Amino acid sequence: MAEERTYPPSPEFVKHAHVKGMEGYRALYKRAEEHPGEFWSELADKELFWFEKWSKPFEWNPPFVKWFVGGKTNVSYNCIDRHLTTARKNKVAILWEGEPGDQRMISYQELHRLVSRFANVLKSRGLKAGDRAIIYMPMIPELPVAMLACTRLGIIHSVVFGGFSAEALKARIQDLEAQVVITADGGWRRGKEVRLKPAVDDALADCPTVLDVIVYRRTGGAVEMKPGRDRWWHDLDEKTAETCDAEPMDSEAPLYVLYTSGTTGKPKGIVHSSGGYLLQAHMTMKWVFDLHEEDTYWCTADIGWVTGHSYIVYGPLSVGATTVMYEGAPDCPQPDRFWRLIEKYRVSIFYTSPTAIRAFVRQGDQWPNAHDLSSLRLLGSVGEPINPAAWEWYHKTIGKERCPIVDTWWQTETGAIMISPLPGAVPTKPGSATLPLPGVLPDVVDLNGKPVELNHEGFLIIRRPWPSMLRTIWRDPKRYEEQYWKRIPGNYLTGDAARCDSDGYFCILGRVDDVMNVSGHRLSTMELESALVRHPAVAEAAVVGKPHEITGQSVACFVTLKQGNWDHEQLAQDLRQWVAHEIGAFAKPEQIRFTDALPKTRSGKIMRRLLREIVTSNTVAGDVTTLEDLSVVTRLAAQTEEE
Ligand code: 7RM
């Protein structure tokens, strides 16, 4: 690692931190490593509410794990009800601002009322524990309300990011065999209404399991309501009671399914549990974000991604925090909206992505400098590797060299942060996620599972199961086993490459499989390729990630066409629209190149590695001995970009 500078936490920060100094961290880590059952049991007992105690801390039958076996709990109860008997009852739970500037401050008591009422609505529609709800909503308080209402009754929810198209939504509804869709007319983004209900209508043409659609009115835009199927949230809510008991749920009952991109065209439904998931989301709020009663905490993610689940909703509410939620774009009406919000609400902990940070760098320091950011005491980063230059800017310009930065590495599958500095303990190094959290045993290995030497690149694995680990892939345990546990038997394969230095610090380098990371959004090359070949003009397509200054990677496509007379410029436009339609606008290719052939191995596999080299450097240096027709590559490299 070129970057050698380290930043120890200030004595002032250490003094008030939940985990103090390296000794504090090491003691926790050691106990978790040596006595995992006792370690997690004690925390589960002390930190969460249980209707019934478990008989065993965990049961590991690789690749399947259970935590707090036989225990009964309820996530909604833990996030709301238990705070009502404390001084938190009138504390703001959700501090929300809409893009147009409207505000709502929802206390824990008010949240209890909203969630109970909506749980009664779901009950009145005949929904019960084990049923599935799709939630397709903008970033408004009713989104967490819907999640918590499901959780209260044991209904398994799946939040679909509002940026996904009708096609993507349909695939998720069908895979989950959902009975209900909870949505809204639309939301606000950059001053425009982003309509959601029309996408639901399109998707539902092919989803026979869905009997109910509940629509929240956010924008007031025109909506078609299908009689017998669609109902307004406010009509149902009007007729319902204010209280609804939380259902005691098995610790292992699925809490939610979140779809994420894998190496094939079909998204994987990652299944998370109740007890284990909540415990680790809760503990990492304290360990990593050092959350104290007086903090105002803001994670800028969308709840449609796992970061929003664990660190806007479940983690923060479980610890009784004030969690800030913002509906719209960071540059609306001007590039200083985030700094405005921090100043206005006196945000003390701010958690965002490297993509956002790089965009702020580009907009210029005048935007943050015009605001009072002195309320900040801790900064976080997630979603992709953060380059040292962006890290340094974040540290100086936003943190004024006062705030520790936690670079948090984790995945949809891990449920909670796995590798990150504890801000009052671990000295940080720009570009490194630093050390594993208590209970996490990562390693960097070669293809045979043998640990690589220090400072050498290898596959990042995790050696032991942890409480918030995914339990399976929805209705596909075989894919779960093959994807994560077969390659290095008995170990969890993350799909990331990493390097470990002589201090034991981990530097995460990015994906080793065909998964791309565009603005921290996970996309699979296969998913994009299958979308492209569904277009009538396309014969074959290969998609790779191209390094991008702001978004980390952008989508680059190589396309061969069917017979015909095509206007390439027009077609490139059409294909962009097509991808937006099939997956969502955020997945639109930046670059489309038309070619007569794709480079393939003798067995017919597209050599994406070569294409990656072409988009990165316009040359090919790697091994091409398995390539069938070498001239394809030279022609592609020589060809100037279509755009
Ligand atoms: C939380 C989330 C997971 C993938 C993961 C990595 C990359 C995430 C970091 C990171 C370097 C980080 N879930 N990633 N955080 N890479 N440093 N701090 O992003 O399922 O959507 O993506 O994101 O490649 O495997 S995710």
# chains A, B, ... in the order shown; residues from 1 in each chain; ligands from 1
call {"tool": "residues_around", "arguments": {"residues": "stretch 178-194 of chain A", "least_positions_apart": "4", "cutoff": "6 Å", "atoms": "only C-alpha atoms", "output": "ChimeraX atom specification"}}
result
/A:132-138,173,209-217,219,328-329,332
call {"tool": "write_last_selection", "arguments": {"atoms": "N, CA and C atoms", "output": "compact mmCIF listing (two decimals), in the first residue's frame"}}
result
# COMPACT_ATOMS: atom_id res chain seq x y z
N ARG A 132 -45.69 -12.90 2.08
CA ARG A 132 -44.66 -12.01 1.53
C ARG A 132 -45.24 -10.71 0.99
N ALA A 133 -44.57 -9.61 1.34
CA ALA A 133 -44.98 -8.28 0.86
C ALA A 133 -43.84 -7.67 0.08
N ILE A 134 -44.16 -7.12 -1.09
CA ILE A 134 -43.19 -6.32 -1.84
C ILE A 134 -43.45 -4.86 -1.50
N ILE A 135 -42.40 -4.14 -1.19
CA ILE A 135 -42.53 -2.72 -0.87
C ILE A 135 -41.76 -1.93 -1.92
N TYR A 136 -42.47 -1.08 -2.64
CA TYR A 136 -41.90 -0.33 -3.77
C TYR A 136 -42.29 1.12 -3.55
N MET A 137 -41.45 1.85 -2.83
CA MET A 137 -41.84 3.18 -2.37
C MET A 137 -40.71 4.18 -2.47
N PRO A 138 -41.05 5.47 -2.46
CA PRO A 138 -40.00 6.48 -2.40
C PRO A 138 -39.45 6.57 -0.98
N ILE A 173 -41.30 -9.87 -7.75
CA ILE A 173 -42.62 -10.27 -7.23
C ILE A 173 -42.86 -11.75 -7.51
N THR A 209 -50.11 -14.12 -7.99
CA THR A 209 -50.16 -14.31 -6.53
C THR A 209 -50.60 -13.05 -5.80
N VAL A 210 -50.44 -11.89 -6.44
CA VAL A 210 -50.73 -10.62 -5.76
C VAL A 210 -52.22 -10.33 -5.76
N LEU A 211 -52.81 -10.28 -4.55
CA LEU A 211 -54.24 -10.02 -4.45
C LEU A 211 -54.54 -8.58 -4.04
N ASP A 212 -53.55 -7.94 -3.41
CA ASP A 212 -53.77 -6.60 -2.87
C ASP A 212 -52.65 -5.65 -3.24
N VAL A 213 -53.05 -4.40 -3.56
CA VAL A 213 -52.07 -3.33 -3.75
C VAL A 213 -52.51 -2.18 -2.84
N ILE A 214 -51.59 -1.72 -2.00
CA ILE A 214 -51.91 -0.61 -1.11
C ILE A 214 -51.06 0.59 -1.54
N VAL A 215 -51.74 1.72 -1.79
CA VAL A 215 -51.08 2.87 -2.40
C VAL A 215 -51.08 4.07 -1.46
N TYR A 216 -49.90 4.54 -1.11
CA TYR A 216 -49.79 5.74 -0.29
C TYR A 216 -49.77 6.97 -1.19
N ARG A 217 -50.49 8.03 -0.79
CA ARG A 217 -50.50 9.23 -1.61
C ARG A 217 -49.39 10.18 -1.16
N THR A 219 -47.34 12.29 -3.85
CA THR A 219 -47.21 13.44 -4.74
C THR A 219 -48.55 14.03 -5.15
N GLY A 328 -34.77 13.10 -1.48
CA GLY A 328 -34.43 13.45 -2.86
C GLY A 328 -32.98 13.34 -3.25
N ALA A 329 -32.60 14.14 -4.24
CA ALA A 329 -31.25 14.12 -4.80
C ALA A 329 -30.33 15.04 -4.00
N CYS A 332 -30.17 18.95 -5.17
CA CYS A 332 -31.43 19.63 -5.40
C CYS A 332 -31.83 20.49 -4.21
call {"tool": "residues_near_ligand", "arguments": {"ligand": "ligand 1", "cutoff": "7 Å", "atoms": "only C-alpha atoms and all ligand atoms", "output": "ChimeraX atom specification"}}
result
/A:260,305-307,381-386,407-413,433,494-496,508-511,517,520-522
call {"tool": "residues_around", "arguments": {"residues": "stretch 318-327 of chain A", "least_positions_apart": "6", "cutoff": "6 Å", "atoms": "only C-alpha atoms", "output": "ChimeraX atom specification"}}
result
/A:78-79,92-99,139,296-298
call {"tool": "atom_distance", "arguments": {"atom1": "atom CA of A:Ala205", "atom2": "atom CA of A:Asp175"}}
result
14.9 Å
call {"tool": "closest_residue", "arguments": {"among": "A:Ala149, A:Val615, A:Leu441, A:Ile303", "to": "A:Lys128", "atoms": "only C-alpha atoms"}}
result
A:Ala149
call {"tool": "closest_atom_pairs", "arguments": {"of": "stretch 80-187 of chain A", "to": "stretch 66-73 of chain A", "cutoff": "12 Å", "atoms": "only C-alpha atoms", "output": "tab-separated table"}}
result
residue	atom	partner	partner_atom	distance
A:Arg82	CA	A:Thr73	CA	11.9
A:Thr151	CA	A:Thr73	CA	10.7
A:Arg152	CA	A:Thr73	CA	10.2
A:Leu153	CA	A:Thr73	CA	11.5
A:Gly154	CA	A:Thr73	CA	10.4
call {"tool": "write_last_selection", "arguments": {"atoms": "C-alpha atoms", "output": "mmCIF file, in the first residue's frame"}}
result
data_model
loop_
_atom_site.group_PDB
_atom_site.id
_atom_site.type_symbol
_atom_site.label_atom_id
_atom_site.label_comp_id
_atom_site.auth_asym_id
_atom_site.auth_seq_id
_atom_site.Cartn_x
_atom_site.Cartn_y
_atom_site.Cartn_z
ATOM 1 C CA ARG A 82 -39.261 -1.323 24.234
ATOM 2 C CA THR A 151 -42.007 -7.270 10.785
ATOM 3 C CA ARG A 152 -44.539 -6.834 13.562
ATOM 4 C CA LEU A 153 -46.692 -9.601 12.110
ATOM 5 C CA GLY A 154 -43.910 -11.829 10.776
#
